[in-house]
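**Student:** File follows, final31.cif with mmCIF, C-alpha atoms and all ligand atoms:
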data_structure
loop_
_atom_site.label_atom_id
_atom_site.label_comp_id
_atom_site.auth_asym_id
_atom_site.auth_seq_id
_atom_site.Cartn_x
_atom_site.Cartn_y
_atom_site.Cartn_z
CA MET Z 398 17.84 -136.93 -112.12
CA PRO Z 399 18.99 -138.56 -108.86
CA VAL Z 400 18.79 -142.34 -108.62
CA LEU Z 401 17.32 -141.92 -105.16
CA SER Z 402 15.58 -138.95 -103.62
CA ALA Z 403 14.48 -139.14 -99.99
CA GLN Z 404 12.21 -136.19 -99.35
CA GLY Z 405 11.32 -135.27 -95.78
CA LEU Z 406 11.19 -138.79 -94.35
CA ARG Z 407 9.86 -139.32 -90.86
CA ARG Z 408 9.23 -142.48 -88.87
CA SER Z 409 8.57 -143.02 -85.17
CA PHE Z 410 8.20 -146.09 -82.98
CA GLY Z 411 6.02 -144.92 -80.09
CA ALA Z 412 7.95 -142.10 -78.45
CA VAL Z 413 11.17 -142.94 -80.32
CA VAL Z 414 11.78 -140.82 -83.41
CA ALA Z 415 13.84 -143.15 -85.63
CA ALA Z 416 13.79 -140.80 -88.65
CA ALA Z 417 12.94 -137.11 -88.92
CA ASP Z 418 13.24 -134.58 -91.68
CA ILE Z 419 15.54 -136.72 -93.83
CA HIS Z 420 16.37 -135.22 -97.22
CA ILE Z 421 19.00 -137.07 -99.23
CA ASP Z 422 19.53 -137.19 -103.00
CA VAL Z 423 21.92 -139.79 -104.39
CA ALA Z 424 23.34 -139.37 -107.89
CA ARG Z 425 23.92 -142.19 -110.35
CA GLY Z 426 27.23 -143.93 -109.69
CA GLU Z 427 27.65 -142.22 -106.33
CA ARG Z 428 28.87 -144.03 -103.19
CA LEU Z 429 27.10 -142.66 -100.13
CA CYS Z 430 28.10 -143.89 -96.69
CA LEU Z 431 25.76 -143.75 -93.69
CA ILE Z 432 27.47 -143.30 -90.34
CA GLY Z 433 26.04 -142.95 -86.84
CA SER Z 434 26.23 -144.65 -83.49
CA ASN Z 435 23.90 -147.51 -82.49
CA GLY Z 436 20.26 -146.49 -82.72
CA ALA Z 437 20.99 -143.35 -84.78
CA GLY Z 438 18.55 -144.34 -87.54
CA LYS Z 439 20.72 -145.79 -90.34
CA THR Z 440 18.84 -149.10 -90.60
CA THR Z 441 15.51 -147.30 -90.38
CA PHE Z 442 16.54 -145.26 -93.43
CA VAL Z 443 17.68 -148.37 -95.32
CA ASN Z 444 14.45 -150.19 -94.37
CA MET Z 445 12.37 -147.30 -95.68
CA VAL Z 446 14.25 -147.19 -98.99
CA THR Z 447 13.81 -150.94 -99.46
CA GLY Z 448 10.11 -150.79 -98.51
CA TYR Z 449 10.33 -152.89 -95.33
CA LEU Z 450 9.23 -149.88 -93.29
CA LYS Z 451 6.84 -147.18 -94.42
CA PRO Z 452 7.63 -143.57 -93.52
CA THR Z 453 4.85 -141.74 -91.70
CA GLU Z 454 5.76 -138.60 -93.67
CA GLY Z 455 7.73 -137.87 -96.81
CA ARG Z 456 8.38 -139.48 -100.17
CA ILE Z 457 10.96 -141.84 -101.63
CA VAL Z 458 11.59 -141.41 -105.35
CA LEU Z 459 13.61 -143.94 -107.34
CA ALA Z 460 14.81 -142.78 -110.76
CA GLY Z 461 11.87 -140.39 -110.97
CA GLU Z 462 9.20 -142.80 -109.71
CA ASP Z 463 7.53 -142.42 -106.33
CA ILE Z 464 8.03 -145.80 -104.62
CA THR Z 465 6.90 -144.78 -101.11
CA ALA Z 466 3.84 -147.04 -101.14
CA ARG Z 467 5.46 -149.95 -103.00
CA THR Z 468 6.09 -153.33 -101.42
CA PRO Z 469 9.67 -154.59 -100.89
CA ARG Z 470 9.22 -157.00 -103.79
CA GLU Z 471 8.05 -154.23 -106.12
CA ILE Z 472 10.99 -152.06 -105.05
CA THR Z 473 13.43 -154.92 -105.69
CA ARG Z 474 11.97 -155.33 -109.19
CA ARG Z 475 12.52 -151.62 -109.81
CA GLY Z 476 16.24 -151.99 -109.16
CA VAL Z 477 16.99 -151.80 -105.44
CA ALA Z 478 19.12 -154.63 -104.04
CA ARG Z 479 20.36 -155.17 -100.53
CA SER Z 480 22.82 -157.28 -98.62
CA PHE Z 481 22.76 -157.73 -94.86
CA GLN Z 482 25.35 -157.51 -92.08
CA ILE Z 483 24.97 -161.26 -91.65
CA PRO Z 484 25.02 -162.90 -95.10
CA GLN Z 485 21.74 -164.58 -96.09
CA LEU Z 486 23.04 -167.78 -97.67
CA CYS Z 487 21.99 -171.44 -98.02
CA LEU Z 488 24.88 -173.15 -96.25
CA GLN Z 489 24.36 -176.61 -97.74
CA MET Z 490 24.41 -175.35 -101.33
CA THR Z 491 27.49 -174.43 -103.32
CA ALA Z 492 28.44 -170.81 -104.01
CA LEU Z 493 27.28 -171.22 -107.63
CA GLU Z 494 23.93 -172.67 -106.56
CA ASN Z 495 23.39 -169.74 -104.20
CA MET Z 496 24.11 -167.38 -107.09
CA LEU Z 497 21.68 -169.23 -109.36
CA LEU Z 498 19.01 -169.11 -106.68
CA ALA Z 499 19.49 -165.35 -106.26
CA LEU Z 500 19.37 -164.86 -110.05
CA HIS Z 501 16.13 -166.82 -110.37
CA CYS Z 502 14.53 -164.98 -107.44
CA SER Z 503 15.57 -161.61 -108.92
CA ARG Z 504 13.69 -162.52 -112.09
CA GLY Z 505 10.57 -163.18 -110.07
CA GLN Z 506 10.84 -166.92 -110.73
CA ARG Z 507 9.98 -169.43 -108.05
CA ALA Z 508 12.85 -170.37 -105.77
CA PHE Z 509 13.58 -174.06 -106.24
CA LEU Z 510 15.46 -176.05 -103.67
CA ARG Z 511 18.01 -176.72 -106.41
CA PRO Z 512 17.84 -173.92 -108.97
CA ALA Z 513 17.67 -174.65 -112.70
CA ARG Z 514 21.09 -174.63 -114.34
CA ASP Z 515 20.44 -173.30 -117.82
CA ALA Z 516 23.64 -172.36 -119.62
CA ALA Z 517 22.95 -168.61 -119.80
CA SER Z 518 22.22 -168.37 -116.06
CA VAL Z 519 25.31 -170.38 -115.16
CA MET Z 520 27.43 -168.15 -117.39
CA ARG Z 521 26.01 -164.96 -115.86
CA CYS Z 522 26.63 -166.28 -112.33
CA ARG Z 523 30.16 -167.39 -113.17
CA GLU Z 524 30.91 -163.94 -114.61
CA LEU Z 525 29.76 -162.32 -111.40
CA LEU Z 526 31.73 -164.78 -109.27
CA ALA Z 527 34.78 -163.88 -111.38
CA ALA Z 528 34.15 -160.16 -110.85
CA PHE Z 529 34.42 -160.88 -107.11
CA SER Z 530 37.46 -163.18 -107.56
CA LEU Z 531 35.34 -166.07 -106.25
CA GLU Z 532 35.63 -168.52 -109.20
CA ALA Z 533 37.72 -170.94 -107.16
CA HIS Z 534 34.87 -171.28 -104.65
CA ALA Z 535 32.06 -171.85 -107.17
CA GLN Z 536 31.62 -175.58 -106.47
CA ARG Z 537 32.26 -175.49 -102.72
CA PRO Z 538 29.38 -175.68 -100.23
CA VAL Z 539 28.97 -172.34 -98.49
CA ARG Z 540 29.34 -173.97 -95.06
CA GLU Z 541 33.02 -174.60 -95.91
CA LEU Z 542 33.73 -171.00 -96.92
CA PRO Z 543 35.37 -168.46 -94.59
CA GLY Z 544 33.41 -165.41 -93.38
CA GLY Z 545 35.09 -162.92 -95.74
CA VAL Z 546 34.25 -165.07 -98.77
CA ARG Z 547 30.63 -165.46 -97.62
CA LYS Z 548 30.37 -161.70 -97.33
CA LEU Z 549 31.55 -161.21 -100.90
CA LEU Z 550 29.25 -163.97 -102.13
CA ASP Z 551 26.27 -162.28 -100.46
CA ILE Z 552 27.09 -159.02 -102.26
CA ALA Z 553 27.62 -160.84 -105.57
CA MET Z 554 24.16 -162.40 -105.08
CA ALA Z 555 22.61 -158.95 -104.60
CA LEU Z 556 24.16 -157.91 -107.93
CA THR Z 557 22.52 -160.77 -109.87
CA ALA Z 558 19.48 -158.48 -110.08
CA GLN Z 559 21.55 -155.87 -112.01
CA PRO Z 560 20.37 -153.21 -109.58
CA LEU Z 561 20.33 -149.46 -110.05
CA LEU Z 562 20.95 -149.03 -106.35
CA LEU Z 563 22.76 -151.38 -103.98
CA LEU Z 564 22.48 -151.07 -100.20
CA LEU Z 565 25.15 -152.76 -98.08
CA ASP Z 566 25.00 -153.08 -94.31
CA GLU Z 567 28.56 -152.99 -92.94
CA PRO Z 568 30.33 -154.75 -95.80
CA THR Z 569 33.51 -155.22 -93.75
CA SER Z 570 32.02 -156.30 -90.42
CA GLY Z 571 33.54 -159.61 -89.41
CA VAL Z 572 36.41 -159.12 -91.89
CA SER Z 573 39.85 -158.91 -90.28
CA GLY Z 574 41.74 -155.61 -90.27
CA ASP Z 575 44.29 -156.87 -92.80
CA GLU Z 576 41.58 -157.98 -95.23
CA LYS Z 577 39.11 -155.12 -95.02
CA PHE Z 578 40.66 -152.89 -97.70
CA ALA Z 579 41.13 -155.85 -100.05
CA THR Z 580 37.47 -156.79 -99.51
CA MET Z 581 36.30 -153.26 -100.24
CA ASP Z 582 38.60 -152.98 -103.28
CA THR Z 583 37.02 -156.16 -104.65
CA VAL Z 584 33.49 -154.88 -104.03
CA MET Z 585 34.24 -151.51 -105.66
CA ARG Z 586 35.84 -153.13 -108.71
CA ALA Z 587 32.89 -155.50 -109.10
CA ILE Z 588 30.38 -152.67 -108.78
CA GLU Z 589 32.17 -150.66 -111.45
CA ARG Z 590 32.14 -153.63 -113.81
CA THR Z 591 28.53 -154.61 -113.20
CA GLY Z 592 26.61 -151.34 -113.79
CA SER Z 593 24.90 -151.18 -117.16
CA GLU Z 594 25.75 -147.53 -118.01
CA ALA Z 595 27.56 -146.17 -114.97
CA ALA Z 596 28.79 -147.93 -111.84
CA VAL Z 597 26.01 -149.25 -109.62
CA THR Z 598 24.94 -146.56 -107.16
CA LEU Z 599 25.93 -147.59 -103.65
CA ILE Z 600 24.66 -146.75 -100.19
CA PHE Z 601 26.56 -148.48 -97.41
CA VAL Z 602 26.45 -148.41 -93.62
CA GLU Z 603 29.89 -148.36 -92.05
CA HIS Z 604 31.39 -147.91 -88.61
CA ASP Z 605 35.03 -147.98 -89.67
CA MET Z 606 36.13 -144.46 -90.49
CA ASP Z 607 39.18 -145.62 -92.46
CA ILE Z 608 36.79 -147.35 -94.85
CA VAL Z 609 34.51 -144.31 -94.95
CA ARG Z 610 37.39 -142.01 -95.90
CA ARG Z 611 38.75 -144.27 -98.57
CA TYR Z 612 35.57 -145.45 -100.34
CA ALA Z 613 32.73 -142.96 -99.82
CA HIS Z 614 32.11 -140.07 -102.20
CA ARG Z 615 29.76 -138.52 -99.65
CA VAL Z 616 28.82 -139.24 -96.06
CA ALA Z 617 25.51 -138.81 -94.26
CA ALA Z 618 25.96 -138.66 -90.48
CA PHE Z 619 22.91 -139.76 -88.49
CA TYR Z 620 22.15 -138.83 -84.91
CA SER Z 621 18.88 -139.41 -83.11
CA GLY Z 622 16.98 -140.08 -86.35
CA ARG Z 623 18.28 -136.97 -88.12
CA VAL Z 624 21.00 -136.31 -90.67
CA ILE Z 625 23.28 -133.88 -88.84
CA ALA Z 626 25.86 -133.57 -91.63
CA LEU Z 627 25.93 -134.51 -95.31
CA GLY Z 628 28.90 -133.93 -97.58
CA ALA Z 629 32.39 -135.04 -98.54
CA PRO Z 630 34.09 -137.37 -96.00
CA ASP Z 631 36.80 -134.84 -95.19
CA GLU Z 632 34.19 -132.22 -94.32
CA VAL Z 633 31.76 -134.43 -92.45
CA LEU Z 634 34.34 -136.26 -90.33
CA VAL Z 635 35.77 -133.02 -88.94
CA ASN Z 636 32.35 -131.47 -88.31
CA ALA Z 637 32.06 -130.61 -84.59
CA ASP Z 638 28.59 -132.17 -84.20
CA VAL Z 639 29.71 -135.34 -85.94
CA ARG Z 640 32.76 -135.59 -83.68
CA ARG Z 641 30.57 -135.07 -80.62
CA HIS Z 642 27.70 -137.42 -81.54
CA VAL Z 643 29.12 -139.95 -83.97
CA THR Z 644 32.87 -140.40 -84.05
CA GLY Z 645 33.80 -138.94 -80.69
CA GLY Z 646 32.75 -141.99 -78.69
CA ALA Z 647 33.45 -145.58 -79.52
CA HIS Z 648 34.87 -144.76 -82.94
CA ALA Z 649 37.13 -141.87 -81.89
CA THR Z 650 40.29 -143.84 -82.40
CA LYS Z 651 39.35 -144.61 -85.98
CA VAL Z 652 39.17 -140.94 -87.01
CA THR Z 653 42.54 -139.70 -88.13
CA ALA Z 654 41.73 -136.12 -89.25
N1 LIG O 701 10.87 -152.13 -85.13
C1 LIG O 701 11.19 -151.25 -84.18
N2 LIG O 701 10.43 -151.10 -83.09
C2 LIG O 701 10.72 -150.18 -82.15
N3 LIG O 701 11.80 -149.36 -82.20
C3 LIG O 701 12.60 -149.46 -83.27
C4 LIG O 701 12.35 -150.42 -84.32
N4 LIG O 701 13.33 -150.28 -85.25
C5 LIG O 701 14.16 -149.31 -84.81
N5 LIG O 701 13.72 -148.82 -83.62
C6 LIG O 701 14.35 -147.74 -82.86
O1 LIG O 701 14.63 -146.68 -83.75
C7 LIG O 701 15.87 -146.09 -83.46
C8 LIG O 701 16.76 -146.16 -84.69
O2 LIG O 701 17.15 -147.53 -84.87
P1 LIG O 701 18.01 -148.03 -86.12
O3 LIG O 701 18.02 -149.52 -86.07
O4 LIG O 701 17.52 -147.38 -87.35
O5 LIG O 701 19.47 -147.47 -85.76
P2 LIG O 701 20.88 -147.80 -86.42
O6 LIG O 701 21.56 -146.49 -86.64
O7 LIG O 701 20.69 -148.65 -87.60
O8 LIG O 701 21.63 -148.60 -85.28
P3 LIG O 701 22.67 -149.86 -85.38
O9 LIG O 701 23.99 -149.26 -85.78
O10 LIG O 701 22.67 -150.39 -83.99
O11 LIG O 701 22.12 -150.83 -86.38
C9 LIG O 701 16.44 -146.83 -82.25
O12 LIG O 701 16.10 -146.10 -81.09
C10 LIG O 701 15.71 -148.15 -82.30
O13 LIG O 701 15.60 -148.71 -81.00
#
What is this file in structure tokens?
Ligand SMILES: Nc1ncnc2c1ncn2[C@@H]1O[C@H](COP(=O)(O)OP(=O)(O)OP(=O)(O)O)[C@@H](O)[C@H]1O

**Tutor:**
Amino acid sequence: MPVLSAQGLRRSFGAVVAAADIHIDVARGERLCLIGSNGAGKTTFVNMVTGYLKPTEGRIVLAGEDITARTPREITRRGVARSFQIPQLCLQMTALENMLLALHCSRGQRAFLRPARDAASVMRCRELLAAFSLEAHAQRPVRELPGGVRKLLDIAMALTAQPLLLLLDEPTSGVSGDEKFATMDTVMRAIERTGSEAAVTLIFVEHDMDIVRRYAHRVAAFYSGRVIALGAPDEVLVNADVRRHVTGGAHATKVTA
């Protein structure tokens, strides 16, 4: 059974068709990358999966359960976690406090200004920080941490919920060219260590084709609200339509095949 099954999704905003006829199944442990130029419909897809936007047609099935009508909170509780292009962090709190806050929220507990520090929660958060090689930053206020570290912390926070499915919006945006592979290696290692049975299933939006090639198992190429190609990176990135509508413009220099 797929972890996620998007079945005939459609969504418009007035005359703009942001999603049409989208069929995507994602298997457990798979890493699916969404590519597409600005306005192609990637965020619309992510917003529908996480419940922030409702499709006007189609169904979204998570591990066999239809979640199309569920609220974002209900979908989070069923195992879908998300991190954003701009990390959502409390700057005045330490990295560990941010983790504790995320852990408490993921359990449906009230978010306190200073989260409770019971020993089990602290241990769980420290383990996750270690999985992301962030132990050294645990006691530092987030405002003092560099952008790349904040990015990793944001993803670690999403994993406190022990999700089935993790959605990442441009995990390497704002990370320097030298650091981007190291950042992705860290994320992949952490994801493999954190899944309960298999690695956490991952859907990530990415504009950097070097990252897509190296880390995606499959790629879905979006154009004008539709998926114009879906398959292995080496197939999708040489597809003529993908070259014309996705990688042929601003990202042409990043495609090496
Ligand atoms: N809330 C909204 N109201 C009106 N139009 C919207 C809304 N959200 C998205 N759209 C439109 O839907 C289309 C798809 O947008 P979407 O944000 O999904 O693209 P994207 O591929 O994520 O782009 P980007 O890479 O810039 O984030 C665009 O034409 C966008 O302007």

**Student:** Using all atoms listed in the file, pick whichever of Z:Val572, Z:Val633, Z:Ile432, Z:Ala587 has the shortest atom-to-atom distance to ligand LIG 701 (chain O).

**Tutor:**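 Closest to ligand LIG 701 (chain O), using all atoms listed in the file: Z:Ile432.
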
**Student:** Using only C-alpha atoms and all ligand atoms, find each residue with an atom at most 8 Å away from ligand LIG 701 (chain O) and format the answer as a list in words.

**Tutor:**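 Those residues are Ser409, Phe410, Gly411, Val413, Val414, Ala415, Ala416, Ile432, Gly433, Ser434, Asn435, Gly436, Ala437, Gly438, Lys439, Thr440, Thr441, Phe442, Phe619, Tyr620, Ser621 and Gly622 of chain Z.
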
**Student:** Residues of stretch 411-489 of chain Z that have any atom at most 9 Å from an atom of stretch 493-504 of chain Z: could you tabulate them with the shortest-distance atom pair and the distance in Å to one decimal, using only C-alpha atoms, ordered by chain and increasing number, as a Markdown table?

**Tutor:**
| residue | atom | partner | partner_atom | distance |
| --- | --- | --- | --- | --- |
| Z:Thr473 | CA | Z:Ser503 | CA | 7.7 |
| Z:Arg474 | CA | Z:Ser503 | CA | 7.2 |
| Z:Leu486 | CA | Z:Asn495 | CA | 6.8 |
| Z:Cys487 | CA | Z:Asn495 | CA | 6.6 |
| Z:Leu488 | CA | Z:Asn495 | CA | 8.8 |

**Student:** What gap, in Å, lies between atom CA of Z:Ala424 and atom CA of Z:Tyr612?

**Tutor:**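 Between atom CA of Z:Ala424 and atom CA of Z:Tyr612 the gap works out to 15.6 Å.
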
**Student:** What separation in Å, quoted to one decimal, exists between atom CA of Z:Pro630 and atom CA of Z:Glu454?

**Tutor:** 28.5 Å

**Student:** At most 12 Å from (35.3, -173.1, -104.7), file frame, all atoms listed in the file: which residues, as number ranges by chain?

**Tutor:** Z: 490-494, 523, 526-527, 530-543, 546-547, 550

**Student:** Using all atoms listed in the file for the distances, tell me which of Z:Ala618, Z:Ile608, Z:Val624, Z:Leu525 is nearest to Z:Ala403.

**Tutor:**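 Ranked by minimum distance to Z:Ala403, first place goes to Z:Val624.
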
**Student:** Would you pick out the contacts of Z:Gln404 at 9 Å or less, using only C-alpha atoms, so that residues sharing its chain but fewer than 3 positions from it are not included, and give the list as a list in words?

**Tutor:**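 Close residues of Z:Gln404: Asp418, Ile419, His420, Ile421, Asp422, Glu454, Gly455, Arg456, Ile457 and Val458 of chain Z.
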
**Student:** Check the smallest atom-to-atom distance from each of Z:Thr569, Z:Met554, Z:Arg611, Z:Ser402 to Z:Gly461 using all atoms listed in the file, then report the winner.

**Tutor:**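 Ranking Z:Thr569, Z:Met554, Z:Arg611, Z:Ser402 by distance to Z:Gly461, first place goes to Z:Ser402.
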
**Student:** Draw an axis-aligned box over all listed atoms of stretch 597-605 of chain Z, pad each side with 3 Å, and write its centre and edge lengths in Å, one decimal, as JSON.

**Tutor:**
{"center_x": 29.8, "center_y": -147.9, "center_z": -99.1, "size_x": 16.4, "size_y": 8.7, "size_z": 27.0}

**Student:** Quick one, how far is atom CA of Z:Val602 from atom CA of Z:Ala637?

**Tutor:**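 Computing it gives 20.7 Å between the two atoms.
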
**Student:** For each of Z:Arg615, Z:Arg467, Z:Lys451, Z:Arg475, take the minimum atom-to-atom distance to Z:Val423, counting only C-alpha atoms, then give the residue where this is smallest.

**Tutor:** Z:Arg615

**Student:** Kindly add N, CA and C atoms to the incomplete stretch 470-501 of chain Z and provide the output as a compact mmCIF listing (two decimals), in the frame of the given file.

**Tutor:**
# COMPACT_ATOMS: atom_id res chain seq x y z
N ARG Z 470 9.04 -156.25 -102.55
CA ARG Z 470 9.22 -157.00 -103.79
C ARG Z 470 9.15 -156.10 -105.02
N GLU Z 471 8.18 -155.18 -105.00
CA GLU Z 471 8.05 -154.23 -106.12
C GLU Z 471 9.28 -153.33 -106.22
N ILE Z 472 9.81 -152.95 -105.06
CA ILE Z 472 10.99 -152.06 -105.05
C ILE Z 472 12.21 -152.82 -105.56
N THR Z 473 12.32 -154.09 -105.17
CA THR Z 473 13.43 -154.92 -105.69
C THR Z 473 13.35 -154.99 -107.21
N ARG Z 474 12.14 -155.23 -107.73
CA ARG Z 474 11.97 -155.33 -109.19
C ARG Z 474 12.32 -154.04 -109.91
N ARG Z 475 12.20 -152.92 -109.19
CA ARG Z 475 12.52 -151.62 -109.81
C ARG Z 475 14.00 -151.29 -109.68
N GLY Z 476 14.79 -152.20 -109.10
CA GLY Z 476 16.24 -151.99 -109.16
C GLY Z 476 16.94 -151.67 -107.85
N VAL Z 477 16.31 -152.01 -106.72
CA VAL Z 477 16.99 -151.80 -105.44
C VAL Z 477 17.37 -153.15 -104.85
N ALA Z 478 18.66 -153.36 -104.61
CA ALA Z 478 19.12 -154.63 -104.04
C ALA Z 478 19.81 -154.34 -102.71
N ARG Z 479 19.86 -155.38 -101.88
CA ARG Z 479 20.36 -155.17 -100.53
C ARG Z 479 21.13 -156.39 -100.06
N SER Z 480 22.21 -156.15 -99.32
CA SER Z 480 22.82 -157.28 -98.62
C SER Z 480 22.90 -156.92 -97.14
N PHE Z 481 22.92 -157.94 -96.30
CA PHE Z 481 22.76 -157.73 -94.86
C PHE Z 481 24.10 -157.87 -94.15
N GLN Z 482 24.13 -157.40 -92.88
CA GLN Z 482 25.35 -157.51 -92.08
C GLN Z 482 25.74 -158.98 -91.91
N ILE Z 483 24.72 -159.82 -91.71
CA ILE Z 483 24.97 -161.26 -91.65
C ILE Z 483 24.49 -161.84 -92.98
N PRO Z 484 25.41 -162.41 -93.76
CA PRO Z 484 25.02 -162.90 -95.10
C PRO Z 484 23.86 -163.88 -95.05
N GLN Z 485 22.94 -163.73 -96.02
CA GLN Z 485 21.74 -164.58 -96.09
C GLN Z 485 22.00 -165.66 -97.14
N LEU Z 486 22.62 -166.76 -96.72
CA LEU Z 486 23.04 -167.78 -97.67
C LEU Z 486 22.49 -169.15 -97.29
N CYS Z 487 22.36 -170.03 -98.29
CA CYS Z 487 21.99 -171.44 -98.02
C CYS Z 487 23.30 -172.20 -97.83
N LEU Z 488 23.56 -172.60 -96.60
CA LEU Z 488 24.88 -173.15 -96.25
C LEU Z 488 25.17 -174.48 -96.93
N GLN Z 489 24.12 -175.28 -97.17
CA GLN Z 489 24.36 -176.61 -97.74
C GLN Z 489 24.57 -176.57 -99.24
N MET Z 490 24.23 -175.46 -99.87
CA MET Z 490 24.41 -175.35 -101.33
C MET Z 490 25.79 -174.78 -101.65
N THR Z 491 26.20 -175.00 -102.90
CA THR Z 491 27.49 -174.43 -103.32
C THR Z 491 27.32 -172.92 -103.57
N ALA Z 492 28.47 -172.25 -103.72
CA ALA Z 492 28.44 -170.81 -104.01
C ALA Z 492 27.68 -170.56 -105.33
N LEU Z 493 27.94 -171.39 -106.33
CA LEU Z 493 27.28 -171.22 -107.63
C LEU Z 493 25.77 -171.42 -107.50
N GLU Z 494 25.37 -172.43 -106.74
CA GLU Z 494 23.93 -172.67 -106.56
C GLU Z 494 23.26 -171.49 -105.84
N ASN Z 495 23.95 -170.92 -104.87
CA ASN Z 495 23.39 -169.74 -104.20
C ASN Z 495 23.22 -168.60 -105.20
N MET Z 496 24.20 -168.43 -106.07
CA MET Z 496 24.11 -167.38 -107.09
C MET Z 496 22.92 -167.63 -108.02
N LEU Z 497 22.77 -168.89 -108.44
CA LEU Z 497 21.68 -169.23 -109.36
C LEU Z 497 20.32 -168.98 -108.70
N LEU Z 498 20.26 -169.32 -107.42
CA LEU Z 498 19.01 -169.11 -106.68
C LEU Z 498 18.68 -167.61 -106.63
N ALA Z 499 19.70 -166.81 -106.34
CA ALA Z 499 19.49 -165.35 -106.26
C ALA Z 499 19.07 -164.81 -107.63
N LEU Z 500 19.70 -165.31 -108.70
CA LEU Z 500 19.37 -164.86 -110.05
C LEU Z 500 17.92 -165.19 -110.39
N HIS Z 501 17.50 -166.40 -110.07
CA HIS Z 501 16.13 -166.82 -110.37
C HIS Z 501 15.13 -166.01 -109.55
